[in-house]
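Asks: Got a structure for you, questions after.
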Amino acid sequence: MDIYEAIEQRRSVRAFRQDPINDEILLKILEAVRLAPSAHNSQEYKFIVVKDSDKKKELAKASNQSFISEAPLVIVGVSLNPKHIMTSGVPAYAVDVAVAMDHLTLAASSEGLGTCWIGSFSQDEIRKILSIPVQYKVVALMPVGVPYDEPSVKSRKSLKDLICRENFSN
């Protein structure tokens, strides 16, 4: 599958089969995360792969998203430097982890796997469950697995509604 097919086929999946993810495929997905660009190429993040069913249940409870526990694994993106603000005023950690997580979603999609970006969770509870030091920030949780069924196609705005040329316009 080429990159455009992976982008087109990627959907948020909230129901997973119990099929385990092959270690070779998991390594390919994690390699895509490793290759993601970051501010100053500093890669100030860690990604925690969670397969333990009890921990997945705790993550599901801490995010109020019960389907998380059904996925064969959950990858948790953690910033090691949440105070880093780029000269633009934008937090580098949020951008860096988001780019890496998006690499994850596209690599997973190209392997026939589904993901769902989880940004709603208790920061303190996730830190406690995964023994993450308080100075770091959990940015996102990403359940990964074989979709239970074919996710529906989502509508998207047209290019003319999203793209401006030369200057901002409404």
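Chain lettering (A, B, ...) mirrors the order of the structure tokens, residue numbering begins at 1 for each chain separately, and ligand numbering begins at 1 in order of display.
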Check segment 50-140 of chain A with DSSP on the backbone and list each residue it calls helix (DSSP H, G or I), as a PyMOL selection string.
Replies: chain A and resi 53-63+66-70+92-110+123-130
Asks: Next, dump the selected residues to file, keeping only C-alpha atoms, as a PDB file, in the first residue's frame.
Replies:
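The file below, out-v1.pdb, is the result:
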```pdb
ATOM      1  CA  SER A  53      -4.719  -6.711  29.856  1.00  0.00           C
ATOM      2  CA  ASP A  54      -4.973  -5.331  33.396  1.00  0.00           C
ATOM      3  CA  LYS A  55      -3.059  -2.191  32.469  1.00  0.00           C
ATOM      4  CA  LYS A  56      -5.183  -1.731  29.337  1.00  0.00           C
ATOM      5  CA  LYS A  57      -8.304  -1.927  31.526  1.00  0.00           C
ATOM      6  CA  GLU A  58      -6.836   0.716  33.828  1.00  0.00           C
ATOM      7  CA  LEU A  59      -6.001   2.938  30.835  1.00  0.00           C
ATOM      8  CA  ALA A  60      -9.558   2.500  29.573  1.00  0.00           C
ATOM      9  CA  LYS A  61     -10.957   3.532  32.953  1.00  0.00           C
ATOM     10  CA  ALA A  62      -8.583   6.532  33.235  1.00  0.00           C
ATOM     11  CA  SER A  63      -9.746   7.743  29.839  1.00  0.00           C
ATOM     12  CA  SER A  66     -13.876   1.223  27.512  1.00  0.00           C
ATOM     13  CA  PHE A  67     -12.944   0.049  23.998  1.00  0.00           C
ATOM     14  CA  ILE A  68      -9.255   0.735  24.703  1.00  0.00           C
ATOM     15  CA  SER A  69      -9.047  -2.466  26.731  1.00  0.00           C
ATOM     16  CA  GLU A  70     -10.186  -4.504  23.703  1.00  0.00           C
ATOM     17  CA  ALA A  92       7.140  21.788  20.684  1.00  0.00           C
ATOM     18  CA  TYR A  93       6.170  18.722  22.696  1.00  0.00           C
ATOM     19  CA  ALA A  94       2.603  18.647  21.375  1.00  0.00           C
ATOM     20  CA  VAL A  95       3.738  18.988  17.770  1.00  0.00           C
ATOM     21  CA  ASP A  96       6.594  16.485  18.086  1.00  0.00           C
ATOM     22  CA  VAL A  97       4.525  13.759  19.701  1.00  0.00           C
ATOM     23  CA  ALA A  98       1.606  14.398  17.319  1.00  0.00           C
ATOM     24  CA  VAL A  99       3.850  14.001  14.271  1.00  0.00           C
ATOM     25  CA  ALA A 100       5.284  10.736  15.621  1.00  0.00           C
ATOM     26  CA  MET A 101       1.805   9.449  16.519  1.00  0.00           C
ATOM     27  CA  ASP A 102       0.575  10.319  13.037  1.00  0.00           C
ATOM     28  CA  HIS A 103       3.442   8.295  11.570  1.00  0.00           C
ATOM     29  CA  LEU A 104       2.141   5.487  13.789  1.00  0.00           C
ATOM     30  CA  THR A 105      -1.420   5.803  12.453  1.00  0.00           C
ATOM     31  CA  LEU A 106      -0.297   5.730   8.834  1.00  0.00           C
ATOM     32  CA  ALA A 107       2.136   2.838   9.303  1.00  0.00           C
ATOM     33  CA  ALA A 108      -0.579   0.881  11.132  1.00  0.00           C
ATOM     34  CA  SER A 109      -3.077   1.654   8.368  1.00  0.00           C
ATOM     35  CA  SER A 110      -0.630   0.418   5.722  1.00  0.00           C
ATOM     36  CA  GLN A 123      -3.054  12.865  33.128  1.00  0.00           C
ATOM     37  CA  ASP A 124      -2.439  11.908  36.766  1.00  0.00           C
ATOM     38  CA  GLU A 125      -4.079   8.495  36.472  1.00  0.00           C
ATOM     39  CA  ILE A 126      -2.174   7.560  33.305  1.00  0.00           C
ATOM     40  CA  ARG A 127       1.092   8.657  34.928  1.00  0.00           C
ATOM     41  CA  LYS A 128       0.298   6.501  37.961  1.00  0.00           C
ATOM     42  CA  ILE A 129      -0.662   3.417  35.913  1.00  0.00           C
ATOM     43  CA  LEU A 130       2.498   3.562  33.795  1.00  0.00           C
TER      44      LEU A 130
END
```
Asks: Leu141 of chain A: which residues within 6 Å, counting only C-alpha atoms, same-chain residues fewer than 6 positions away excluded, as a JSON list (two decimals) with N, CA and C atoms, in the first residue's frame?
Replies:
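part17.json, freshly written:
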```json
[["chain", "number", "residue", "atom", "x", "y", "z"],
["A", 75, "ILE", "N", -0.39, 2.21, 22.55],
["A", 75, "ILE", "CA", 0.88, 2.93, 22.56],
["A", 75, "ILE", "C", 0.61, 4.32, 23.15],
["A", 76, "VAL", "N", 1.39, 4.66, 24.16],
["A", 76, "VAL", "CA", 1.20, 5.92, 24.88],
["A", 76, "VAL", "C", 2.38, 6.84, 24.58],
["A", 118, "ILE", "N", -6.52, 9.02, 21.20],
["A", 118, "ILE", "CA", -7.19, 9.30, 22.47],
["A", 118, "ILE", "C", -6.49, 10.48, 23.14]]
```
Asks: Rank A:Gly77, A:Asp52, A:Lys137, A:Cys116 by their smallest atom-to-atom distance to Arg34 of chain A, using only C-alpha atoms, and report the top residue only.
Replies: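 Among A:Gly77, A:Asp52, A:Lys137, A:Cys116, it is A:Gly77 that comes nearest to Arg34 of chain A.
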Asks: Quote the spacing between atom CA of Ile48 of chain A and atom CA of Pro72 of chain A in Å to one decimal place.
Replies: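 Distance reported for this atom pair: 13.8 Å.
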Asks: Leaving out Glu44 of chain A and any residue of its chain fewer than 3 positions from it, which residues lie within 7 Å of it when counting only C-alpha atoms, given as a VMD selection string?
Replies: chain A and resid 79 to 81
Asks: Export, as an mmCIF file, in the first residue's frame, the selected residues with C-alpha atoms.
Replies:
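For reference, part.cif as written:
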```cif
data_model
loop_
_atom_site.group_PDB
_atom_site.id
_atom_site.type_symbol
_atom_site.label_atom_id
_atom_site.label_comp_id
_atom_site.auth_asym_id
_atom_site.auth_seq_id
_atom_site.Cartn_x
_atom_site.Cartn_y
_atom_site.Cartn_z
ATOM 1 C CA SER A 79 6.840 14.164 26.220
ATOM 2 C CA LEU A 80 10.111 14.343 28.121
ATOM 3 C CA ASN A 81 10.287 18.131 27.787
#
```
Asks: Let me make sure I understand: among A:Leu35, A:Val144, A:Val50, A:Val74, which one has the smallest atom-to-atom distance to Glu111 of chain A if we use only C-alpha atoms?
Replies: A:Val144
Asks: Name the closest residue to Ile132 of chain A among the candidates A:Arg165, A:Lys51, A:Lys154, A:Lys46; distances are taken between atoms, counting only C-alpha atoms.
Replies: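 Ranking A:Arg165, A:Lys51, A:Lys154, A:Lys46 by distance to Ile132 of chain A, first place goes to A:Lys46.
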Asks: Set the distance at 10 Å and use only C-alpha atoms: which residues neighbour Glu150 of chain A once local chain neighbours fewer than 5 positions away are removed? I'd like the list as a PyMOL selection string.
Replies: chain A and resi 11+13+15+114
Asks: Would you please give, as a PyMOL selection string, all residues of segment 89-157 of chain A that DSSP assigns to strand (DSSP E or B) based on the backbone?
Replies: chain A and resi 91+114-115+118+137-145+147
Asks: May I ask for the distance between atom CA of Phe121 of chain A and atom CA of Asp149 of chain A, given in Å to one decimal place?
Replies: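 The value is 25.4 Å.
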Asks: Between A:Val78, A:Met1, A:Tyr148, A:Ile29, which residue has the minimum interatomic distance to Val134 of chain A, considering only C-alpha atoms?
Replies: A:Val78
